[in-house]
$ cat query30.cif   # mmCIF, C-alpha atoms and all ligand atoms
data_protein
#
loop_
_atom_site.label_atom_id
_atom_site.label_comp_id
_atom_site.auth_asym_id
_atom_site.auth_seq_id
_atom_site.Cartn_x
_atom_site.Cartn_y
_atom_site.Cartn_z
CA MET G 67 -37.24 68.05 81.87
CA LYS G 68 -34.61 70.79 82.02
CA SER G 69 -33.16 72.29 78.87
CA GLY G 70 -30.82 75.22 78.41
CA PHE G 71 -27.60 76.87 77.31
CA VAL G 72 -24.26 77.08 79.12
CA ALA G 73 -21.40 79.27 77.86
CA LEU G 74 -17.81 78.17 78.47
CA ALA G 75 -15.92 81.42 78.92
CA GLY G 76 -12.55 82.52 80.19
CA ARG G 77 -9.20 83.77 79.05
CA PRO G 78 -7.22 82.04 76.30
CA ASN G 79 -5.62 78.72 77.27
CA ALA G 80 -7.84 78.14 80.34
CA GLY G 81 -8.98 74.84 78.84
CA LYS G 82 -12.48 75.70 77.57
CA SER G 83 -12.26 73.65 74.38
CA THR G 84 -10.64 70.73 76.21
CA LEU G 85 -13.56 70.82 78.64
CA LEU G 86 -16.16 70.95 75.86
CA ASN G 87 -14.62 67.88 74.23
CA ALA G 88 -14.39 66.05 77.55
CA LEU G 89 -17.99 66.82 78.51
CA MET G 90 -19.19 65.69 75.09
CA ASN G 91 -16.85 62.70 74.91
CA GLU G 92 -16.09 63.76 71.37
CA LYS G 93 -13.61 66.13 69.81
CA LEU G 94 -15.74 69.05 68.65
CA ALA G 95 -13.32 71.89 69.24
CA ILE G 96 -9.64 72.06 68.42
CA VAL G 97 -7.16 72.41 71.27
CA SER G 98 -3.60 73.70 71.45
CA PRO G 99 -1.10 75.10 73.95
CA LYS G 100 -1.14 78.40 72.01
CA PRO G 101 -3.48 81.18 73.16
CA GLN G 102 -6.42 82.19 70.94
CA THR G 103 -6.91 78.77 69.44
CA THR G 104 -10.69 79.03 69.26
CA ARG G 105 -11.95 81.76 66.93
CA SER G 106 -15.70 81.14 66.82
CA GLU G 107 -18.45 79.76 69.03
CA ILE G 108 -18.75 75.98 68.98
CA ARG G 109 -21.80 74.20 70.31
CA GLY G 110 -22.01 70.75 71.87
CA ILE G 111 -25.41 69.23 72.65
CA LEU G 112 -25.42 66.91 75.66
CA ASN G 113 -28.43 64.82 76.61
CA TYR G 114 -27.90 64.18 80.29
CA GLN G 115 -30.28 62.09 82.40
CA GLY G 116 -33.35 63.16 80.49
CA ASN G 117 -32.25 66.78 80.27
CA GLN G 118 -30.56 68.71 77.47
CA ILE G 119 -27.54 70.90 78.14
CA ILE G 120 -26.18 72.90 75.23
CA PHE G 121 -22.60 73.98 75.84
CA THR G 122 -21.09 76.80 73.83
CA ASP G 123 -17.31 77.05 73.68
CA THR G 124 -16.15 80.62 73.05
CA PRO G 125 -12.96 82.38 71.96
CA GLY G 126 -10.78 83.32 74.95
CA ILE G 127 -11.25 86.92 76.01
CA HIS G 128 -8.08 88.94 75.44
CA LYS G 129 -6.75 92.36 74.53
CA PRO G 130 -7.25 92.44 70.77
CA GLN G 131 -4.33 93.21 68.46
CA ASP G 132 -6.37 93.27 65.25
CA ARG G 133 -9.90 93.10 63.79
CA LEU G 134 -9.98 89.34 64.16
CA GLY G 135 -9.23 89.66 67.89
CA SER G 136 -11.90 92.27 68.49
CA ARG G 137 -14.46 90.23 66.55
CA MET G 138 -13.57 87.17 68.62
CA ASN G 139 -14.18 89.11 71.86
CA LYS G 140 -17.47 90.41 70.45
CA GLN G 141 -18.49 86.90 69.54
CA THR G 142 -17.91 85.79 73.12
CA ALA G 143 -19.90 88.78 74.43
CA SER G 144 -22.74 87.92 72.08
CA VAL G 145 -22.78 84.27 73.22
CA LEU G 146 -23.04 85.44 76.83
CA GLN G 147 -26.23 87.32 75.95
CA GLY G 148 -27.98 84.21 74.69
CA VAL G 149 -27.30 81.65 77.44
CA ASP G 150 -28.89 80.66 80.74
CA MET G 151 -25.66 80.37 82.69
CA ILE G 152 -21.88 80.54 82.44
CA TYR G 153 -18.95 78.33 83.32
CA TYR G 154 -16.06 80.67 84.01
CA LEU G 155 -12.91 78.67 83.42
CA ALA G 156 -9.85 79.74 85.35
CA ASP G 157 -6.48 78.13 84.75
CA GLY G 158 -5.43 76.97 88.21
CA THR G 159 -1.81 77.00 87.14
CA GLY G 160 -1.99 80.57 85.80
CA ARG G 161 -1.75 83.98 87.42
CA PHE G 162 -4.42 86.62 87.99
CA ASP G 163 -3.35 89.46 85.71
CA ASP G 164 -4.89 92.28 83.63
CA THR G 165 -6.35 89.88 81.06
CA GLU G 166 -8.00 87.80 83.76
CA GLU G 167 -9.40 90.94 85.36
CA MET G 168 -10.82 92.10 82.04
CA THR G 169 -12.33 88.66 81.47
CA LEU G 170 -13.91 88.59 84.91
CA ARG G 171 -15.40 92.06 84.36
CA MET G 172 -16.98 90.94 81.11
CA ILE G 173 -18.47 87.85 82.71
CA SER G 174 -19.82 89.70 85.72
CA GLN G 175 -21.57 92.17 83.41
CA ALA G 176 -23.62 89.32 81.96
CA LYS G 177 -25.46 89.04 85.30
CA LEU G 178 -26.12 85.31 84.90
CA PRO G 179 -25.61 82.43 87.31
CA THR G 180 -21.89 81.74 86.91
CA PHE G 181 -19.89 78.76 88.15
CA LEU G 182 -16.21 79.17 88.80
CA LEU G 183 -14.42 76.16 87.33
CA LEU G 184 -10.88 76.04 88.62
CA ASN G 185 -9.31 73.94 85.89
CA LYS G 186 -6.09 71.92 85.61
CA ILE G 187 -6.16 70.65 89.20
CA ASP G 188 -4.33 67.55 87.95
CA ALA G 189 -1.28 69.83 87.85
CA MET G 190 -1.82 71.28 91.36
CA ASN G 191 -1.48 70.11 94.95
CA LYS G 192 -4.24 70.37 97.60
CA LYS G 193 -2.92 73.54 99.18
CA GLN G 194 -2.64 75.28 95.82
CA ILE G 195 -6.21 74.32 95.01
CA ILE G 196 -7.58 75.65 98.30
CA ASP G 197 -5.53 78.87 98.05
CA LYS G 198 -6.74 79.53 94.52
CA LEU G 199 -10.37 78.83 95.36
CA THR G 200 -10.17 81.17 98.35
CA ALA G 201 -8.67 83.90 96.17
CA TRP G 202 -11.42 83.49 93.57
CA GLN G 203 -14.14 83.66 96.23
CA LYS G 204 -12.88 87.11 97.19
CA ARG G 205 -12.92 88.37 93.60
CA PHE G 206 -16.52 87.62 92.66
CA ASP G 207 -19.60 86.04 94.15
CA PHE G 208 -19.86 82.98 91.92
CA ALA G 209 -22.97 80.80 92.20
CA GLU G 210 -20.89 77.62 92.67
CA TYR G 211 -17.22 76.60 92.81
CA PHE G 212 -15.80 73.47 91.19
CA PRO G 213 -12.18 72.40 91.15
CA ILE G 214 -11.95 70.31 87.97
CA SER G 215 -9.60 68.80 85.47
CA ALA G 216 -10.73 68.84 81.86
CA LEU G 217 -7.89 66.42 81.19
CA THR G 218 -8.70 63.73 83.77
CA GLN G 219 -12.44 64.55 83.94
CA GLU G 220 -12.43 65.01 87.72
CA ASN G 221 -15.69 66.18 89.36
CA PHE G 222 -17.78 66.07 86.19
CA THR G 223 -20.79 64.26 87.68
CA ASP G 224 -21.11 66.78 90.48
CA LEU G 225 -20.73 69.61 87.97
CA LEU G 226 -23.40 68.29 85.60
CA ASP G 227 -25.88 67.45 88.36
CA THR G 228 -25.59 70.97 89.77
CA THR G 229 -25.80 72.52 86.30
CA VAL G 230 -29.15 70.83 85.67
CA LYS G 231 -30.54 72.46 88.82
CA TYR G 232 -29.80 75.93 87.39
CA LEU G 233 -31.37 75.32 83.97
CA PRO G 234 -34.98 76.24 83.13
CA GLU G 235 -37.75 73.70 82.57
CA GLY G 236 -38.40 73.20 78.87
CA ASP G 237 -38.43 71.01 75.82
CA PRO G 238 -35.18 70.04 74.09
CA PHE G 239 -33.85 72.51 71.52
CA TYR G 240 -32.19 69.85 69.38
CA PRO G 241 -33.03 66.27 68.32
CA GLU G 242 -31.65 63.68 70.71
CA ASP G 243 -29.15 62.18 68.24
CA MET G 244 -27.56 65.53 67.38
CA VAL G 245 -24.20 66.26 69.00
CA SER G 246 -23.09 69.34 67.13
CA ASP G 247 -24.44 71.81 64.61
CA GLU G 248 -21.03 72.65 63.14
CA PRO G 249 -20.86 72.12 59.38
CA GLU G 250 -18.55 69.21 58.53
CA GLN G 251 -16.34 71.30 56.25
CA PHE G 252 -15.70 73.79 59.04
CA ARG G 253 -14.73 70.99 61.42
CA ILE G 254 -12.28 69.67 58.82
CA ALA G 255 -10.79 73.12 58.30
CA GLU G 256 -10.38 73.40 62.07
CA ILE G 257 -8.59 70.04 62.27
CA ILE G 258 -6.09 71.28 59.69
CA ARG G 259 -5.66 74.54 61.59
CA GLU G 260 -5.01 72.59 64.79
CA LYS G 261 -2.16 70.69 63.17
CA ILE G 262 -0.66 73.96 61.94
CA LEU G 263 -0.97 75.37 65.47
CA LEU G 264 0.84 72.32 66.84
CA CYS G 265 3.57 72.25 64.20
CA THR G 266 4.50 75.93 63.90
CA GLU G 267 5.68 78.68 66.22
CA GLN G 268 5.54 82.41 66.85
CA GLU G 269 3.32 84.42 64.53
CA VAL G 270 2.53 81.64 62.03
CA PRO G 271 -0.33 80.01 64.03
CA HIS G 272 -2.09 83.31 64.53
CA ALA G 273 -1.68 84.39 60.92
CA THR G 274 -3.19 81.16 59.57
CA ALA G 275 -6.72 80.65 58.28
CA VAL G 276 -8.06 77.46 56.70
CA ILE G 277 -11.00 76.85 54.39
CA VAL G 278 -12.13 73.61 52.79
CA GLU G 279 -12.86 74.45 49.16
CA GLU G 280 -13.84 71.06 47.86
CA MET G 281 -15.26 67.91 49.40
CA THR G 282 -16.35 65.08 47.14
CA TRP G 283 -17.11 61.39 47.59
CA ASP G 284 -16.21 58.80 44.91
CA ASP G 285 -17.79 55.61 46.35
CA LYS G 286 -14.64 54.63 48.21
CA LYS G 287 -13.16 57.75 49.70
CA TYR G 288 -13.54 61.46 50.22
CA TYR G 289 -11.45 63.92 48.27
CA LEU G 290 -10.73 67.14 50.13
CA ARG G 291 -9.04 70.28 48.91
CA ALA G 292 -8.17 72.87 51.52
CA LEU G 293 -6.73 76.33 51.23
CA VAL G 294 -4.43 77.64 53.92
CA LEU G 295 -4.08 81.40 54.09
CA VAL G 296 -1.20 83.20 55.70
CA GLU G 297 -0.24 86.87 55.74
CA LYS G 298 3.34 86.78 54.49
CA GLN G 299 5.50 84.94 51.99
CA GLY G 300 7.84 83.82 54.79
CA GLN G 301 4.95 82.20 56.65
CA LYS G 302 4.00 80.33 53.50
CA GLY G 303 7.57 79.04 53.32
CA ILE G 304 7.40 77.81 56.92
CA ILE G 305 4.14 75.95 56.39
CA ILE G 306 5.39 74.28 53.22
CA GLY G 307 8.80 73.50 54.74
CA LYS G 308 11.92 72.17 53.09
CA ASN G 309 10.89 70.19 49.99
CA GLY G 310 7.30 70.30 51.27
CA SER G 311 8.19 68.32 54.40
CA MET G 312 6.17 70.44 56.84
CA LEU G 313 3.09 70.36 54.64
CA GLN G 314 3.37 66.59 54.32
CA LYS G 315 3.50 66.29 58.10
CA ILE G 316 0.45 68.53 58.51
CA ILE G 317 -1.46 66.55 55.87
CA TYR G 318 -0.51 63.24 57.52
CA MET G 319 -1.65 64.37 60.99
CA ALA G 320 -4.85 66.04 59.75
CA LYS G 321 -5.83 63.11 57.52
CA LYS G 322 -5.89 60.72 60.49
CA ASP G 323 -8.33 62.91 62.46
CA ILE G 324 -10.44 63.70 59.39
CA GLU G 325 -10.86 60.01 58.63
CA VAL G 326 -12.10 59.43 62.18
CA LEU G 327 -14.54 62.32 61.83
CA LEU G 328 -15.87 61.16 58.45
CA GLY G 329 -15.65 57.45 59.23
CA ALA G 330 -14.12 56.81 55.80
CA PRO G 331 -10.79 57.10 53.98
CA ALA G 332 -9.90 60.57 52.77
CA GLU G 333 -7.42 62.09 50.38
CA LEU G 334 -6.30 65.56 51.35
CA ASP G 335 -4.64 68.24 49.27
CA ILE G 336 -3.58 71.52 50.83
CA PHE G 337 -2.66 74.69 48.96
CA VAL G 338 -1.07 77.67 50.70
CA ARG G 339 -1.75 81.25 49.63
CA VAL G 340 -0.70 84.65 50.95
CA GLU G 341 -3.56 87.01 51.78
CA GLU G 342 -1.94 90.10 53.22
CA GLU G 343 -3.38 91.50 56.43
CA TRP G 344 -6.46 89.26 56.32
CA ARG G 345 -6.81 89.56 60.09
CA ASN G 346 -7.73 93.21 59.61
CA LYS G 347 -10.23 92.64 56.81
CA ASP G 348 -13.82 91.99 57.89
CA LYS G 349 -14.78 90.41 54.59
CA GLN G 350 -12.04 87.80 54.82
CA ILE G 351 -12.60 87.12 58.53
CA ARG G 352 -16.28 86.45 57.79
CA GLU G 353 -15.49 84.34 54.72
CA TYR G 354 -13.15 82.11 56.73
CA GLY G 355 -15.84 81.66 59.41
CA TYR G 356 -14.21 83.36 62.41
CA GLY G 357 -15.68 85.85 64.91
CA LEU G 358 -18.99 85.83 63.10
CA THR G 359 -20.89 88.35 65.23
CA ASP G 360 -22.54 91.02 63.12
CA GLU G 361 -21.70 94.58 64.01
N1 LIG T 401 -2.79 69.82 82.85
C1 LIG T 401 -3.93 70.21 82.24
N2 LIG T 401 -3.87 70.84 81.05
C2 LIG T 401 -5.04 71.21 80.47
C3 LIG T 401 -6.30 70.97 81.08
N3 LIG T 401 -7.25 71.49 80.28
C4 LIG T 401 -6.63 72.00 79.21
N4 LIG T 401 -5.28 71.85 79.31
C5 LIG T 401 -4.25 72.28 78.35
O1 LIG T 401 -4.30 73.69 78.22
C6 LIG T 401 -4.00 74.10 76.88
C7 LIG T 401 -5.11 74.99 76.34
O2 LIG T 401 -6.29 74.22 76.19
P1 LIG T 401 -7.51 74.71 75.29
O3 LIG T 401 -8.65 73.80 75.59
O4 LIG T 401 -7.11 74.88 73.88
O5 LIG T 401 -7.79 76.15 75.94
P2 LIG T 401 -8.90 77.22 75.54
O6 LIG T 401 -9.39 77.83 76.82
O7 LIG T 401 -9.93 76.62 74.67
O8 LIG T 401 -8.03 78.30 74.76
P3 LIG T 401 -8.49 79.36 73.58
O9 LIG T 401 -9.26 78.61 72.56
O10 LIG T 401 -7.19 79.84 73.07
O11 LIG T 401 -9.29 80.43 74.26
C8 LIG T 401 -3.82 72.82 76.08
O12 LIG T 401 -2.45 72.56 75.98
C9 LIG T 401 -4.53 71.77 76.93
O13 LIG T 401 -4.00 70.46 76.77
C10 LIG T 401 -6.32 70.29 82.37
O14 LIG T 401 -7.34 70.04 82.99
N5 LIG T 401 -5.09 69.95 82.88
MG MG T 402 -10.49 77.04 72.76
#

$ encode --input "query30.cif" --output "structure tokens"
Amino acid sequence: MKSGFVALAGRPNAGKSTLLNALMNEKLAIVSPKPQTTRSEIRGILNYQGNQIIFTDTPGIHKPQDRLGSRMNKQTASVLQGVDMIYYLADGTGRFDDTEEMTLRMISQAKLPTFLLLNKIDAMNKKQIIDKLTAWQKRFDFAEYFPISALTQENFTDLLDTTVKYLPEGDPFYPEDMVSDEPEQFRIAEIIREKILLCTEQEVPHATAVIVEEMTWDDKKYYLRALVLVEKQGQKGIIIGKNGSMLQKIIYMAKKDIEVLLGAPAELDIFVRVEEEWRNKDKQIREYGYGLTDE
């Protein structure tokens, strides 16, 4: 059997987390239209036709504005050192700019078999797809080229069959019934963060961290207490909203997903606290579980 690791890398918003979830048929990573949604590596273990493929979603490579950003880039670089091959996700609807160039440089330095996955073809016509693929072929000598849609799951069988060919022979790394090695509390914190990303604008999503401080079970339901951290008083006001309306909306949306994840009813309390400049404090970044690479 074949068994090995595949990194999903690319610039923010390319659709890496959407692809991870689609390949796994389960929502492991949060997704949003805002860049820099993913802040840490997230693994999905897929048993495919007697083989085991371990996908690792990574934070989108970008020009960092703070410690959190540079740790996220480092985390991606560190993932690339521990895998057998890379899926380079390119947003077919996006432009090739400085960030994309920087991302491509980082990937090419890994010197691993790399597939170019031209994503979002559901939003492109045939000519656009061919033009983009031709342009990418000139930029770097990728091992394989796949036009795909993480949204409609186009071309997945072809992609997975080819992937298996590139992986080494070996025993599985994880038990067959294991899908993810993410701690449950981290997945819950991420669900809450996703709802904040979807419900708020401008700097609020980026300034938000979430930790689950308490998780208990009382025979009928889970009780969860989460702490949301922001950097400024004004951001706290936005997340709470008028008479707590925004917070209620976030709790309502998060609770639904959390109950699916836990397979049981859940009660969720969220508290919001200001932690100034946490994105520039290593201790806090580590405590919240983001960009965990040691320096
Ligand atoms: N039309 C279309 N949209 C997609 C596709 N894949 C992802 N998206 C959208 O692109 C946006 C970004 O998706 P994510 O999966 O969060 O992107 P990401 O690469 O993980 O981004 P970061 O975590 O910020 O690095 C979301 O709004 C997705 O719904 C696709 O195949 N087609
Ligand atoms: Mg992501």

$ closest_residue --input "query30.cif" --among "G:Gly300, G:Gly307, G:Gly126, G:Pro241" --to "Glu342 (chain G)" --atoms "all atoms listed in the file"
G:Gly300

$ closest_atom_pairs --input "query30.cif" --of "chain G" --to "ligand LIG 401 (chain T)" --cutoff "8 Å" --atoms "all atoms listed in the file" --output "JSON lines"
{"residue": "G:Ala75", "atom": "CA", "partner": "T:LIG401", "partner_atom": "O6", "distance": 7.7}
{"residue": "G:Gly76", "atom": "CA", "partner": "T:LIG401", "partner_atom": "O6", "distance": 6.6}
{"residue": "G:Arg77", "atom": "CA", "partner": "T:LIG401", "partner_atom": "O11", "distance": 5.8}
{"residue": "G:Pro78", "atom": "CA", "partner": "T:LIG401", "partner_atom": "O11", "distance": 3.3}
{"residue": "G:Asn79", "atom": "CA", "partner": "T:LIG401", "partner_atom": "O8", "distance": 3.5}
{"residue": "G:Ala80", "atom": "CA", "partner": "T:LIG401", "partner_atom": "O6", "distance": 3.9}
{"residue": "G:Gly81", "atom": "CA", "partner": "T:LIG401", "partner_atom": "O5", "distance": 3.4}
{"residue": "G:Lys82", "atom": "CA", "partner": "T:LIG401", "partner_atom": "O6", "distance": 3.8}
{"residue": "G:Ser83", "atom": "CA", "partner": "T:LIG401", "partner_atom": "O7", "distance": 3.8}
{"residue": "G:Thr84", "atom": "CA", "partner": "T:LIG401", "partner_atom": "O3", "distance": 3.7}
{"residue": "G:Leu85", "atom": "CA", "partner": "T:LIG401", "partner_atom": "O3", "distance": 6.5}
{"residue": "G:Ala95", "atom": "CA", "partner": "T:LIG401", "partner_atom": "O7", "distance": 8.0}
{"residue": "G:Ile96", "atom": "CA", "partner": "T:LIG401", "partner_atom": "O4", "distance": 6.6}
{"residue": "G:Val97", "atom": "CA", "partner": "T:LIG401", "partner_atom": "O4", "distance": 3.6}
{"residue": "G:Ser98", "atom": "CA", "partner": "T:LIG401", "partner_atom": "O4", "distance": 4.4}
{"residue": "G:Pro99", "atom": "CA", "partner": "T:LIG401", "partner_atom": "O12", "distance": 3.5}
{"residue": "G:Lys100", "atom": "CA", "partner": "T:LIG401", "partner_atom": "O10", "distance": 6.3}
{"residue": "G:Pro101", "atom": "CA", "partner": "T:LIG401", "partner_atom": "O10", "distance": 3.9}
{"residue": "G:Gln102", "atom": "CA", "partner": "T:LIG401", "partner_atom": "O10", "distance": 3.3}
{"residue": "G:Thr103", "atom": "CA", "partner": "T:LIG401", "partner_atom": "O10", "distance": 3.8}
{"residue": "G:Thr104", "atom": "CA", "partner": "T:LIG401", "partner_atom": "O9", "distance": 3.6}
{"residue": "G:Arg105", "atom": "CA", "partner": "T:LIG401", "partner_atom": "O9", "distance": 7.0}
{"residue": "G:Asp123", "atom": "CA", "partner": "T:LIG401", "partner_atom": "O7", "distance": 7.5}
{"residue": "G:Thr124", "atom": "CA", "partner": "T:LIG401", "partner_atom": "O11", "distance": 7.0}
{"residue": "G:Pro125", "atom": "CA", "partner": "T:LIG401", "partner_atom": "O11", "distance": 4.7}
{"residue": "G:Gly126", "atom": "CA", "partner": "T:LIG401", "partner_atom": "O11", "distance": 3.3}
{"residue": "G:Ile127", "atom": "CA", "partner": "T:LIG401", "partner_atom": "O11", "distance": 7.0}
{"residue": "G:Leu155", "atom": "CA", "partner": "T:LIG401", "partner_atom": "O6", "distance": 7.5}
{"residue": "G:Asn185", "atom": "CA", "partner": "T:LIG401", "partner_atom": "O14", "distance": 5.2}
{"residue": "G:Lys186", "atom": "CA", "partner": "T:LIG401", "partner_atom": "O14", "distance": 3.5}
{"residue": "G:Ile187", "atom": "CA", "partner": "T:LIG401", "partner_atom": "O14", "distance": 6.4}
{"residue": "G:Asp188", "atom": "CA", "partner": "T:LIG401", "partner_atom": "N5", "distance": 5.7}
{"residue": "G:Ala189", "atom": "CA", "partner": "T:LIG401", "partner_atom": "N1", "distance": 5.2}
{"residue": "G:Ile214", "atom": "CA", "partner": "T:LIG401", "partner_atom": "O14", "distance": 6.8}
{"residue": "G:Ser215", "atom": "CA", "partner": "T:LIG401", "partner_atom": "O14", "distance": 3.6}
{"residue": "G:Ala216", "atom": "CA", "partner": "T:LIG401", "partner_atom": "O14", "distance": 3.8}
{"residue": "G:Leu217", "atom": "CA", "partner": "T:LIG401", "partner_atom": "O14", "distance": 4.1}
{"residue": "G:Thr218", "atom": "CA", "partner": "T:LIG401", "partner_atom": "O14", "distance": 6.5}
{"residue": "G:Gln219", "atom": "CA", "partner": "T:LIG401", "partner_atom": "O14", "distance": 7.6}

$ write_last_selection --input "query30.cif" --atoms "C-alpha atoms" --output "short mmCIF file (atom, residue, chain, number, x, y, z; two decimals), in the coordinates of the input"
data_model
loop_
_atom_site.label_atom_id
_atom_site.label_comp_id
_atom_site.auth_asym_id
_atom_site.auth_seq_id
_atom_site.Cartn_x
_atom_site.Cartn_y
_atom_site.Cartn_z
CA ALA G 75 -15.92 81.42 78.92
CA GLY G 76 -12.55 82.52 80.19
CA ARG G 77 -9.20 83.77 79.05
CA PRO G 78 -7.22 82.04 76.30
CA ASN G 79 -5.62 78.72 77.27
CA ALA G 80 -7.84 78.14 80.34
CA GLY G 81 -8.98 74.84 78.84
CA LYS G 82 -12.48 75.70 77.57
CA SER G 83 -12.26 73.65 74.38
CA THR G 84 -10.64 70.73 76.21
CA LEU G 85 -13.56 70.82 78.64
CA ALA G 95 -13.32 71.89 69.24
CA ILE G 96 -9.64 72.06 68.42
CA VAL G 97 -7.16 72.41 71.27
CA SER G 98 -3.60 73.70 71.45
CA PRO G 99 -1.10 75.10 73.95
CA LYS G 100 -1.14 78.40 72.01
CA PRO G 101 -3.48 81.18 73.16
CA GLN G 102 -6.42 82.19 70.94
CA THR G 103 -6.91 78.77 69.44
CA THR G 104 -10.69 79.03 69.26
CA ARG G 105 -11.95 81.76 66.93
CA ASP G 123 -17.31 77.05 73.68
CA THR G 124 -16.15 80.62 73.05
CA PRO G 125 -12.96 82.38 71.96
CA GLY G 126 -10.78 83.32 74.95
CA ILE G 127 -11.25 86.92 76.01
CA LEU G 155 -12.91 78.67 83.42
CA ASN G 185 -9.31 73.94 85.89
CA LYS G 186 -6.09 71.92 85.61
CA ILE G 187 -6.16 70.65 89.20
CA ASP G 188 -4.33 67.55 87.95
CA ALA G 189 -1.28 69.83 87.85
CA ILE G 214 -11.95 70.31 87.97
CA SER G 215 -9.60 68.80 85.47
CA ALA G 216 -10.73 68.84 81.86
CA LEU G 217 -7.89 66.42 81.19
CA THR G 218 -8.70 63.73 83.77
CA GLN G 219 -12.44 64.55 83.94
#

$ axis_aligned_box --input "query30.cif" --around "region 191-195 of chain G" --padding-each-side "5 Å" --output "JSON"
{"center_x": -3.8, "center_y": 72.7, "center_z": 97.1, "size_x": 14.7, "size_y": 15.2, "size_z": 14.2}

$ residues_around --input "query30.cif" --residues "Lys261 (chain G)" --least-positions-apart "5" --cutoff "10 Å" --atoms "all atoms listed in the file" --output "list of chain:residue names"
G:Ile96, G:Val97, G:Ser98, G:Glu256, G:Thr266, G:Pro271, G:Lys315, G:Ile316, G:Ile317, G:Tyr318, G:Met319, G:Ala320, G:Asp323

$ atom_distance --input "query30.cif" --atom1 "CA of Phe71 (chain G)" --atom2 "CA of His128 (chain G)"
23.0 Å

$ atom_distance --input "query30.cif" --atom1 "CA of Asp237 (chain G)" --atom2 "CA of Phe181 (chain G)"
23.6 Å

$ closest_residue --input "query30.cif" --among "G:Lys321, G:Arg109, G:Lys68, G:Lys140" --to "Met172 (chain G)" --atoms "all atoms listed in the file"
G:Lys140

$ atom_distance --input "query30.cif" --atom1 "CA of Tyr154 (chain G)" --atom2 "CA of Gln141 (chain G)"
15.9 Å

$ residues_around --input "query30.cif" --residues "Ile152 (chain G)" --least-positions-apart "2" --cutoff "9 Å" --atoms "all atoms listed in the file" --output "list in words"
Phe71, Val72, Ala73, Leu74, Ala75, Leu146, Val149, Asp150, Tyr154, Ile173, Ala176, Leu178, Pro179, Thr180, Phe181 and Leu182 of chain G

$ residues_around --input "query30.cif" --residues "region 272-287 of chain G" --least-positions-apart "5" --cutoff "6 Å" --atoms "all atoms listed in the file" --output "VMD selection string"
chain G and resid 251 255 292 to 297 331 to 332

$ residues_near_point --input "query30.cif" --point "(-30.2, 72.0, 86.0)" --cutoff "9 Å" --atoms "only C-alpha atoms" --output "JSON, numbers by chain"
{"G": [68, 69, 70, 117, 119, 226, 227, 228, 229, 230, 231, 232, 233, 234, 235]}

$ closest_residue --input "query30.cif" --among "G:Glu220, G:Asp243, G:Glu267, G:Glu107" --to "ligand MG 402 (chain T)" --atoms "all atoms listed in the file"
G:Glu107

$ closest_residue --input "query30.cif" --among "G:Lys198, G:Leu89, G:Asn113, G:Glu242" --to "Leu225 (chain G)" --atoms "only C-alpha atoms"
G:Leu89

$ residues_near_point --input "query30.cif" --point "(-8.2, 80.4, 93.5)" --cutoff "12 Å" --atoms "all atoms listed in the file" --output "JSON, numbers by chain"
{"G": [155, 156, 157, 158, 159, 160, 161, 162, 182, 183, 184, 185, 186, 187, 190, 192, 193, 194, 195, 196, 197, 198, 199, 200, 201, 202, 203, 204, 205, 206, 211, 212, 213]}

$ write_last_selection --input "query30.cif" --atoms "C-alpha atoms" --output "PDB file, in the coordinates of the input"
ATOM      1  CA  LEU G 155     -12.910  78.670  83.420  1.00  0.00           C
ATOM      2  CA  ALA G 156      -9.850  79.740  85.350  1.00  0.00           C
ATOM      3  CA  ASP G 157      -6.480  78.130  84.750  1.00  0.00           C
ATOM      4  CA  GLY G 158      -5.430  76.970  88.210  1.00  0.00           C
ATOM      5  CA  THR G 159      -1.810  77.000  87.140  1.00  0.00           C
ATOM      6  CA  GLY G 160      -1.990  80.570  85.800  1.00  0.00           C
ATOM      7  CA  ARG G 161      -1.750  83.980  87.420  1.00  0.00           C
ATOM      8  CA  PHE G 162      -4.420  86.620  87.990  1.00  0.00           C
ATOM      9  CA  LEU G 182     -16.210  79.170  88.800  1.00  0.00           C
ATOM     10  CA  LEU G 183     -14.420  76.160  87.330  1.00  0.00           C
ATOM     11  CA  LEU G 184     -10.880  76.040  88.620  1.00  0.00           C
ATOM     12  CA  ASN G 185      -9.310  73.940  85.890  1.00  0.00           C
ATOM     13  CA  LYS G 186      -6.090  71.920  85.610  1.00  0.00           C
ATOM     14  CA  ILE G 187      -6.160  70.650  89.200  1.00  0.00           C
ATOM     15  CA  MET G 190      -1.820  71.280  91.360  1.00  0.00           C
ATOM     16  CA  LYS G 192      -4.240  70.370  97.600  1.00  0.00           C
ATOM     17  CA  LYS G 193      -2.920  73.540  99.180  1.00  0.00           C
ATOM     18  CA  GLN G 194      -2.640  75.280  95.820  1.00  0.00           C
ATOM     19  CA  ILE G 195      -6.210  74.320  95.010  1.00  0.00           C
ATOM     20  CA  ILE G 196      -7.580  75.650  98.300  1.00  0.00           C
ATOM     21  CA  ASP G 197      -5.530  78.870  98.050  1.00  0.00           C
ATOM     22  CA  LYS G 198      -6.740  79.530  94.520  1.00  0.00           C
ATOM     23  CA  LEU G 199     -10.370  78.830  95.360  1.00  0.00           C
ATOM     24  CA  THR G 200     -10.170  81.170  98.350  1.00  0.00           C
ATOM     25  CA  ALA G 201      -8.670  83.900  96.170  1.00  0.00           C
ATOM     26  CA  TRP G 202     -11.420  83.490  93.570  1.00  0.00           C
ATOM     27  CA  GLN G 203     -14.140  83.660  96.230  1.00  0.00           C
ATOM     28  CA  LYS G 204     -12.880  87.110  97.190  1.00  0.00           C
ATOM     29  CA  ARG G 205     -12.920  88.370  93.600  1.00  0.00           C
ATOM     30  CA  PHE G 206     -16.520  87.620  92.660  1.00  0.00           C
ATOM     31  CA  TYR G 211     -17.220  76.600  92.810  1.00  0.00           C
ATOM     32  CA  PHE G 212     -15.800  73.470  91.190  1.00  0.00           C
ATOM     33  CA  PRO G 213     -12.180  72.400  91.150  1.00  0.00           C
TER      34      PRO G 213
END
